[in-house]
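Source file: structure.cif; contents: mmCIF, N, CA and C atoms.
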```cif
data_structure
loop_
_atom_site.group_PDB
_atom_site.id
_atom_site.type_symbol
_atom_site.label_atom_id
_atom_site.label_comp_id
_atom_site.auth_asym_id
_atom_site.auth_seq_id
_atom_site.Cartn_x
_atom_site.Cartn_y
_atom_site.Cartn_z
ATOM 1 N N MET A 1 -5.088 16.541 2.425
ATOM 2 C CA MET A 1 -4.204 15.391 2.545
ATOM 3 C C MET A 1 -4.737 14.215 1.706
ATOM 4 N N LYS A 2 -6.074 14.033 1.731
ATOM 5 C CA LYS A 2 -6.667 12.919 0.980
ATOM 6 C C LYS A 2 -6.380 13.032 -0.514
ATOM 7 N N ASP A 3 -6.456 14.263 -1.049
ATOM 8 C CA ASP A 3 -6.193 14.466 -2.476
ATOM 9 C C ASP A 3 -4.731 14.193 -2.814
ATOM 10 N N LEU A 4 -3.840 14.530 -1.918
ATOM 11 C CA LEU A 4 -2.412 14.277 -2.111
ATOM 12 C C LEU A 4 -2.136 12.780 -2.222
ATOM 13 N N ILE A 5 -2.757 11.995 -1.378
ATOM 14 C CA ILE A 5 -2.563 10.547 -1.388
ATOM 15 C C ILE A 5 -3.106 9.942 -2.685
ATOM 16 N N LYS A 6 -4.217 10.453 -3.187
ATOM 17 C CA LYS A 6 -4.783 9.940 -4.442
ATOM 18 C C LYS A 6 -3.846 10.166 -5.619
ATOM 19 N N LEU A 7 -2.971 11.191 -5.537
ATOM 20 C CA LEU A 7 -2.007 11.421 -6.606
ATOM 21 C C LEU A 7 -0.977 10.294 -6.684
ATOM 22 N N LEU A 8 -0.669 9.674 -5.541
ATOM 23 C CA LEU A 8 0.273 8.552 -5.536
ATOM 24 C C LEU A 8 -0.317 7.349 -6.254
ATOM 25 N N ASP A 9 -1.562 7.034 -5.907
ATOM 26 C CA ASP A 9 -2.266 5.896 -6.501
ATOM 27 C C ASP A 9 -3.737 6.047 -6.133
ATOM 28 N N LYS A 10 -4.619 5.915 -7.092
ATOM 29 C CA LYS A 10 -6.049 6.090 -6.836
ATOM 30 C C LYS A 10 -6.617 5.007 -5.920
ATOM 31 N N ASN A 11 -5.877 3.924 -5.733
ATOM 32 C CA ASN A 11 -6.328 2.824 -4.878
ATOM 33 C C ASN A 11 -5.897 2.977 -3.427
ATOM 34 N N LEU A 12 -5.308 4.133 -3.087
ATOM 35 C CA LEU A 12 -4.873 4.377 -1.710
ATOM 36 C C LEU A 12 -5.823 5.327 -1.014
ATOM 37 N N LYS A 13 -5.904 5.196 0.307
ATOM 38 C CA LYS A 13 -6.687 6.141 1.098
ATOM 39 C C LYS A 13 -5.857 6.615 2.283
ATOM 40 N N TYR A 14 -6.062 7.865 2.619
ATOM 41 C CA TYR A 14 -5.422 8.486 3.777
ATOM 42 C C TYR A 14 -6.134 7.989 5.026
ATOM 43 N N THR A 15 -5.369 7.577 6.048
ATOM 44 C CA THR A 15 -6.001 7.154 7.293
ATOM 45 C C THR A 15 -5.703 8.108 8.447
ATOM 46 N N SER A 16 -4.465 8.608 8.531
ATOM 47 C CA SER A 16 -4.129 9.570 9.583
ATOM 48 C C SER A 16 -2.732 10.129 9.338
ATOM 49 N N HIS A 17 -2.362 11.095 10.157
ATOM 50 C CA HIS A 17 -0.989 11.604 10.111
ATOM 51 C C HIS A 17 -0.586 12.049 11.509
ATOM 52 N N GLU A 18 0.723 12.192 11.687
ATOM 53 C CA GLU A 18 1.262 12.559 12.991
ATOM 54 C C GLU A 18 2.591 13.268 12.780
ATOM 55 N N ILE A 19 2.819 14.313 13.547
ATOM 56 C CA ILE A 19 4.113 14.986 13.524
ATOM 57 C C ILE A 19 4.824 14.624 14.821
ATOM 58 N N MET A 20 6.014 14.042 14.651
ATOM 59 C CA MET A 20 6.766 13.597 15.817
ATOM 60 C C MET A 20 8.259 13.792 15.540
ATOM 61 N N ASP A 21 8.939 14.455 16.459
ATOM 62 C CA ASP A 21 10.388 14.686 16.346
ATOM 63 C C ASP A 21 10.773 15.338 15.018
ATOM 64 N N GLY A 22 9.980 16.315 14.577
ATOM 65 C CA GLY A 22 10.284 17.047 13.350
ATOM 66 C C GLY A 22 10.062 16.254 12.079
ATOM 67 N N CYS A 23 9.286 15.191 12.171
ATOM 68 C CA CYS A 23 9.011 14.334 11.011
ATOM 69 C C CYS A 23 7.499 14.173 10.856
ATOM 70 N N LEU A 24 7.021 14.234 9.617
ATOM 71 C CA LEU A 24 5.602 14.043 9.325
ATOM 72 C C LEU A 24 5.393 12.607 8.868
ATOM 73 N N TYR A 25 4.604 11.862 9.623
ATOM 74 C CA TYR A 25 4.271 10.482 9.285
ATOM 75 C C TYR A 25 2.847 10.465 8.740
ATOM 76 N N ILE A 26 2.694 9.988 7.507
ATOM 77 C CA ILE A 26 1.383 9.912 6.864
ATOM 78 C C ILE A 26 1.024 8.436 6.722
ATOM 79 N N LYS A 27 -0.075 8.041 7.338
ATOM 80 C CA LYS A 27 -0.506 6.643 7.287
ATOM 81 C C LYS A 27 -1.532 6.478 6.176
ATOM 82 N N ILE A 28 -1.292 5.479 5.330
ATOM 83 C CA ILE A 28 -2.150 5.216 4.183
ATOM 84 C C ILE A 28 -2.463 3.726 4.102
ATOM 85 N N ALA A 29 -3.546 3.383 3.411
ATOM 86 C CA ALA A 29 -3.956 1.989 3.264
ATOM 87 C C ALA A 29 -4.648 1.809 1.916
ATOM 88 N N SER A 30 -4.885 0.573 1.573
ATOM 89 C CA SER A 30 -5.551 0.252 0.309
ATOM 90 C C SER A 30 -7.050 0.498 0.416
ATOM 91 N N ARG A 31 -7.662 0.949 -0.690
ATOM 92 C CA ARG A 31 -9.117 1.060 -0.748
ATOM 93 C C ARG A 31 -9.732 -0.164 -1.438
ATOM 94 N N ARG A 32 -8.902 -1.020 -1.984
ATOM 95 C CA ARG A 32 -9.404 -2.174 -2.737
ATOM 96 C C ARG A 32 -10.038 -3.217 -1.810
ATOM 97 N N SER A 33 -11.047 -3.881 -2.325
ATOM 98 C CA SER A 33 -11.615 -5.020 -1.595
ATOM 99 C C SER A 33 -10.975 -6.321 -2.089
ATOM 100 N N GLU A 34 -10.389 -6.268 -3.292
ATOM 101 C CA GLU A 34 -9.691 -7.432 -3.840
ATOM 102 C C GLU A 34 -8.528 -6.963 -4.698
ATOM 103 N N THR A 35 -7.617 -7.858 -4.975
ATOM 104 C CA THR A 35 -6.468 -7.526 -5.812
ATOM 105 C C THR A 35 -6.195 -8.672 -6.781
ATOM 106 N N LYS A 36 -5.531 -8.346 -7.866
ATOM 107 C CA LYS A 36 -5.251 -9.333 -8.911
ATOM 108 C C LYS A 36 -3.886 -9.971 -8.687
ATOM 109 N N CYS A 37 -3.823 -11.286 -8.828
ATOM 110 C CA CYS A 37 -2.546 -11.999 -8.743
ATOM 111 C C CYS A 37 -1.700 -11.584 -9.954
ATOM 112 N N PRO A 38 -0.482 -11.058 -9.725
ATOM 113 C CA PRO A 38 0.352 -10.622 -10.851
ATOM 114 C C PRO A 38 0.898 -11.787 -11.674
ATOM 115 N N PHE A 39 0.729 -13.001 -11.188
ATOM 116 C CA PHE A 39 1.283 -14.167 -11.870
ATOM 117 C C PHE A 39 0.250 -14.890 -12.743
ATOM 118 N N CYS A 40 -0.996 -15.025 -12.227
ATOM 119 C CA CYS A 40 -2.007 -15.745 -13.011
ATOM 120 C C CYS A 40 -3.195 -14.866 -13.413
ATOM 121 N N GLY A 41 -3.357 -13.697 -12.790
ATOM 122 C CA GLY A 41 -4.441 -12.791 -13.133
ATOM 123 C C GLY A 41 -5.733 -13.012 -12.368
ATOM 124 N N GLU A 42 -5.778 -14.019 -11.525
ATOM 125 C CA GLU A 42 -6.975 -14.314 -10.723
ATOM 126 C C GLU A 42 -7.182 -13.240 -9.659
ATOM 127 N N MET A 43 -8.440 -12.835 -9.433
ATOM 128 C CA MET A 43 -8.757 -11.859 -8.388
ATOM 129 C C MET A 43 -8.905 -12.587 -7.051
ATOM 130 N N SER A 44 -8.451 -11.916 -5.994
ATOM 131 C CA SER A 44 -8.542 -12.507 -4.658
ATOM 132 C C SER A 44 -9.003 -11.463 -3.650
ATOM 133 N N CYS A 45 -9.865 -11.879 -2.735
ATOM 134 C CA CYS A 45 -10.310 -11.010 -1.643
ATOM 135 C C CYS A 45 -9.946 -11.612 -0.291
ATOM 136 N N LYS A 46 -9.219 -12.728 -0.302
ATOM 137 C CA LYS A 46 -8.832 -13.399 0.945
ATOM 138 C C LYS A 46 -7.499 -12.867 1.440
ATOM 139 N N VAL A 47 -7.535 -12.241 2.619
ATOM 140 C CA VAL A 47 -6.330 -11.659 3.211
ATOM 141 C C VAL A 47 -5.572 -12.733 3.989
ATOM 142 N N HIS A 48 -4.295 -12.853 3.699
ATOM 143 C CA HIS A 48 -3.412 -13.774 4.426
ATOM 144 C C HIS A 48 -2.849 -13.083 5.661
ATOM 145 N N SER A 49 -2.317 -11.868 5.476
ATOM 146 C CA SER A 49 -1.724 -11.113 6.583
ATOM 147 C C SER A 49 -1.526 -9.662 6.154
ATOM 148 N N THR A 50 -1.137 -8.826 7.091
ATOM 149 C CA THR A 50 -0.837 -7.431 6.785
ATOM 150 C C THR A 50 0.526 -7.071 7.370
ATOM 151 N N TYR A 51 1.137 -6.083 6.782
ATOM 152 C CA TYR A 51 2.415 -5.580 7.287
ATOM 153 C C TYR A 51 2.555 -4.125 6.888
ATOM 154 N N LYS A 52 3.450 -3.419 7.544
ATOM 155 C CA LYS A 52 3.661 -2.001 7.260
ATOM 156 C C LYS A 52 4.910 -1.833 6.407
ATOM 157 N N ARG A 53 4.817 -0.930 5.453
ATOM 158 C CA ARG A 53 5.941 -0.598 4.577
ATOM 159 C C ARG A 53 6.089 0.914 4.617
ATOM 160 N N SER A 54 7.289 1.421 4.794
ATOM 161 C CA SER A 54 7.461 2.874 4.853
ATOM 162 C C SER A 54 8.299 3.359 3.683
ATOM 163 N N TYR A 55 7.952 4.557 3.223
ATOM 164 C CA TYR A 55 8.612 5.197 2.095
ATOM 165 C C TYR A 55 8.926 6.633 2.488
ATOM 166 N N GLN A 56 10.144 7.067 2.245
ATOM 167 C CA GLN A 56 10.489 8.461 2.504
ATOM 168 C C GLN A 56 10.143 9.284 1.276
ATOM 169 N N ASP A 57 9.499 10.417 1.514
ATOM 170 C CA ASP A 57 9.094 11.312 0.430
ATOM 171 C C ASP A 57 9.890 12.604 0.542
ATOM 172 N N LEU A 58 9.650 13.522 -0.364
ATOM 173 C CA LEU A 58 10.315 14.818 -0.319
ATOM 174 C C LEU A 58 9.873 15.589 0.919
ATOM 175 N N PRO A 59 10.757 16.403 1.487
ATOM 176 C CA PRO A 59 10.387 17.150 2.692
ATOM 177 C C PRO A 59 9.331 18.221 2.413
ATOM 178 N N ILE A 60 8.561 18.521 3.456
ATOM 179 C CA ILE A 60 7.575 19.599 3.413
ATOM 180 C C ILE A 60 7.964 20.605 4.482
ATOM 181 N N GLN A 61 8.234 21.829 4.078
ATOM 182 C CA GLN A 61 8.648 22.901 4.978
ATOM 183 C C GLN A 61 9.772 22.446 5.916
ATOM 184 N N GLY A 62 10.750 21.776 5.337
ATOM 185 C CA GLY A 62 11.922 21.340 6.082
ATOM 186 C C GLY A 62 11.706 20.098 6.933
ATOM 187 N N MET A 63 10.485 19.559 6.936
ATOM 188 C CA MET A 63 10.198 18.360 7.713
ATOM 189 C C MET A 63 10.354 17.114 6.851
ATOM 190 N N LYS A 64 10.998 16.110 7.395
ATOM 191 C CA LYS A 64 11.095 14.814 6.727
ATOM 192 C C LYS A 64 9.685 14.225 6.633
ATOM 193 N N VAL A 65 9.359 13.606 5.503
ATOM 194 C CA VAL A 65 8.036 13.008 5.296
ATOM 195 C C VAL A 65 8.203 11.503 5.086
ATOM 196 N N ILE A 66 7.497 10.750 5.900
ATOM 197 C CA ILE A 66 7.505 9.290 5.794
ATOM 198 C C ILE A 66 6.065 8.828 5.585
ATOM 199 N N GLN A 67 5.854 8.075 4.520
ATOM 200 C CA GLN A 67 4.544 7.463 4.288
ATOM 201 C C GLN A 67 4.597 6.050 4.840
ATOM 202 N N ILE A 68 3.610 5.699 5.626
ATOM 203 C CA ILE A 68 3.533 4.350 6.191
ATOM 204 C C ILE A 68 2.307 3.678 5.573
ATOM 205 N N LEU A 69 2.567 2.658 4.787
ATOM 206 C CA LEU A 69 1.518 1.960 4.035
ATOM 207 C C LEU A 69 1.199 0.631 4.701
ATOM 208 N N ASP A 70 -0.077 0.425 5.011
ATOM 209 C CA ASP A 70 -0.543 -0.884 5.475
ATOM 210 C C ASP A 70 -0.764 -1.742 4.242
ATOM 211 N N LYS A 71 0.151 -2.672 4.007
ATOM 212 C CA LYS A 71 0.033 -3.558 2.843
ATOM 213 C C LYS A 71 -0.544 -4.897 3.283
ATOM 214 N N ARG A 72 -1.194 -5.538 2.342
ATOM 215 C CA ARG A 72 -1.781 -6.850 2.627
ATOM 216 C C ARG A 72 -1.133 -7.919 1.763
ATOM 217 N N LYS A 73 -0.970 -9.072 2.348
ATOM 218 C CA LYS A 73 -0.639 -10.259 1.570
ATOM 219 C C LYS A 73 -1.951 -10.996 1.383
ATOM 220 N N MET A 74 -2.201 -11.383 0.153
ATOM 221 C CA MET A 74 -3.459 -12.045 -0.184
ATOM 222 C C MET A 74 -3.184 -13.498 -0.563
ATOM 223 N N LEU A 75 -4.194 -14.322 -0.437
ATOM 224 C CA LEU A 75 -4.108 -15.710 -0.870
ATOM 225 C C LEU A 75 -4.630 -15.796 -2.295
ATOM 226 N N CYS A 76 -3.806 -16.314 -3.214
ATOM 227 C CA CYS A 76 -4.270 -16.512 -4.588
ATOM 228 C C CYS A 76 -5.253 -17.674 -4.564
ATOM 229 N N GLN A 77 -6.431 -17.459 -5.128
ATOM 230 C CA GLN A 77 -7.481 -18.468 -5.080
ATOM 231 C C GLN A 77 -7.455 -19.428 -6.263
ATOM 232 N N ASN A 78 -6.498 -19.224 -7.165
ATOM 233 C CA ASN A 78 -6.346 -20.117 -8.310
ATOM 234 C C ASN A 78 -5.494 -21.305 -7.865
ATOM 235 N N GLN A 79 -6.085 -22.465 -7.781
ATOM 236 C CA GLN A 79 -5.363 -23.653 -7.303
ATOM 237 C C GLN A 79 -4.251 -24.081 -8.250
ATOM 238 N N GLU A 80 -4.280 -23.622 -9.497
ATOM 239 C CA GLU A 80 -3.246 -23.977 -10.461
ATOM 240 C C GLU A 80 -2.061 -23.011 -10.432
ATOM 241 N N CYS A 81 -2.196 -21.882 -9.713
ATOM 242 C CA CYS A 81 -1.111 -20.896 -9.617
ATOM 243 C C CYS A 81 -0.056 -21.412 -8.637
ATOM 244 N N VAL A 82 1.211 -21.262 -8.998
ATOM 245 C CA VAL A 82 2.288 -21.741 -8.128
ATOM 246 C C VAL A 82 2.550 -20.784 -6.960
ATOM 247 N N HIS A 83 1.964 -19.595 -6.981
ATOM 248 C CA HIS A 83 2.141 -18.611 -5.911
ATOM 249 C C HIS A 83 0.905 -18.634 -5.015
ATOM 250 N N THR A 84 1.068 -19.080 -3.791
ATOM 251 C CA THR A 84 -0.081 -19.155 -2.891
ATOM 252 C C THR A 84 -0.381 -17.814 -2.229
ATOM 253 N N THR A 85 0.663 -17.013 -1.959
ATOM 254 C CA THR A 85 0.443 -15.683 -1.385
ATOM 255 C C THR A 85 1.018 -14.628 -2.316
ATOM 256 N N ILE A 86 0.322 -13.502 -2.383
ATOM 257 C CA ILE A 86 0.746 -12.385 -3.223
ATOM 258 C C ILE A 86 0.663 -11.105 -2.402
ATOM 259 N N SER A 87 1.483 -10.149 -2.733
ATOM 260 C CA SER A 87 1.478 -8.870 -2.045
ATOM 261 C C SER A 87 0.808 -7.827 -2.937
ATOM 262 N N GLU A 88 0.017 -6.945 -2.324
ATOM 263 C CA GLU A 88 -0.604 -5.871 -3.094
ATOM 264 C C GLU A 88 0.459 -5.018 -3.744
ATOM 265 N N ARG A 89 0.172 -4.527 -4.922
ATOM 266 C CA ARG A 89 1.102 -3.636 -5.622
ATOM 267 C C ARG A 89 0.412 -2.322 -5.912
ATOM 268 N N PHE A 90 1.198 -1.255 -5.858
ATOM 269 C CA PHE A 90 0.690 0.087 -6.101
ATOM 270 C C PHE A 90 1.594 0.799 -7.105
ATOM 271 N N ASP A 91 1.037 1.776 -7.822
ATOM 272 C CA ASP A 91 1.770 2.476 -8.871
ATOM 273 C C ASP A 91 3.026 3.173 -8.373
ATOM 274 N N PHE A 92 2.994 3.759 -7.184
ATOM 275 C CA PHE A 92 4.129 4.553 -6.717
ATOM 276 C C PHE A 92 5.254 3.725 -6.105
ATOM 277 N N SER A 93 4.962 2.514 -5.663
ATOM 278 C CA SER A 93 5.983 1.707 -4.980
ATOM 279 C C SER A 93 6.714 0.819 -5.980
ATOM 280 N N SER A 94 7.843 0.327 -5.553
ATOM 281 C CA SER A 94 8.620 -0.555 -6.430
ATOM 282 C C SER A 94 7.859 -1.868 -6.642
ATOM 283 N N GLY A 95 8.117 -2.482 -7.757
ATOM 284 C CA GLY A 95 7.470 -3.756 -8.071
ATOM 285 C C GLY A 95 6.058 -3.589 -8.562
ATOM 286 N N LYS A 96 5.851 -2.675 -9.507
ATOM 287 C CA LYS A 96 4.513 -2.455 -10.061
ATOM 288 C C LYS A 96 3.891 -3.736 -10.516
#
```
Rewritten as structure tokens:
Amino acid sequence: MKDLIKLLDKNLKYTSHEIMDGCLYIKIASRRSETKCPFCGEMSCKVHSTYKRSYQDLPIQGMKVIQILDKRKMLCQNQECVHTTISERFDFSSGK
């Protein structure tokens, strides 16, 4: 399972999975300690908040597959940047 998650994005890690009501839920999270602001390029390690984002994937053996990603909102540490909070971005999700 861990190798499968790395194919989505090398910055993701597998945390757990669960089969419930004929659906496979795969929980994943970031391995990064910091992320780059997409607007100014400054690196940030200050977490503002976290939230869950789910993505439906192709079925496995007839089971629906849902990936649940723990995403973080970070505080941009560049005082000149007009964006105070930024959301982590990953290769497989929208908004690269």
* Test item: the PyMOL selection byres (((chain A and resi 4 and name CA) around 12) and name CA) resolved as a list of chain:residue names ->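 That expression, the PyMOL selection byres (((chain A and resi 4 and name CA) around 12) and name CA), corresponds here to A:Met1, A:Lys2, A:Asp3, A:Ile5, A:Lys6, A:Leu7, A:Leu8, A:Asp9, A:Lys10, A:Leu12, A:Lys13, A:Tyr14, A:Ile26, A:Ile28, A:Gln67.
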* To do: Find the residues around region 73-83 of chain A up to 7 Å (only N, CA and C atoms counted), leave out those fewer than 6 positions away in its own chain, and share them as a list in words.
  =>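 Those residues are Cys37, Phe39, Cys40, Glu42, Met43, Ser44, Cys45, Lys46, Val47, His48, Ser49, Thr50 and Tyr51 of chain A.
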* chain A: residues DSSP assigns to strand (DSSP E), reported as a ChimeraX atom specification -> /A:12-20,23-30,35-36,43-44,47-60,63-75,85-87
* Pick out the residues sitting within 8 Å of Ile68 (chain A), and hand them over as a ChimeraX atom specification; count only C-alpha atoms, and ignore anything fewer than 2 positions along from it in its own chain. => /A:25-28,52-55,66,70
Which residues are near Ile19 (chain A)? Cut-off 10 Å, only C-alpha atoms, ignore same chain within fewer than 4 positions. Put them as a tab-separated table (two decimals) with N, CA and C atoms, in the frame of the given file.
```
chain	number	residue	atom	x	y	z
A	23	CYS	N	9.29	15.19	12.17
A	23	CYS	CA	9.01	14.33	11.01
A	23	CYS	C	7.50	14.17	10.86
A	24	LEU	N	7.02	14.23	9.62
A	24	LEU	CA	5.60	14.04	9.32
A	24	LEU	C	5.39	12.61	8.87
A	25	TYR	N	4.60	11.86	9.62
A	25	TYR	CA	4.27	10.48	9.28
A	25	TYR	C	2.85	10.46	8.74
A	26	ILE	N	2.69	9.99	7.51
A	26	ILE	CA	1.38	9.91	6.86
A	26	ILE	C	1.02	8.44	6.72
A	63	MET	N	10.48	19.56	6.94
A	63	MET	CA	10.20	18.36	7.71
A	63	MET	C	10.35	17.11	6.85
A	64	LYS	N	11.00	16.11	7.40
A	64	LYS	CA	11.10	14.81	6.73
A	64	LYS	C	9.68	14.22	6.63
A	65	VAL	N	9.36	13.61	5.50
A	65	VAL	CA	8.04	13.01	5.30
A	65	VAL	C	8.20	11.50	5.09
```
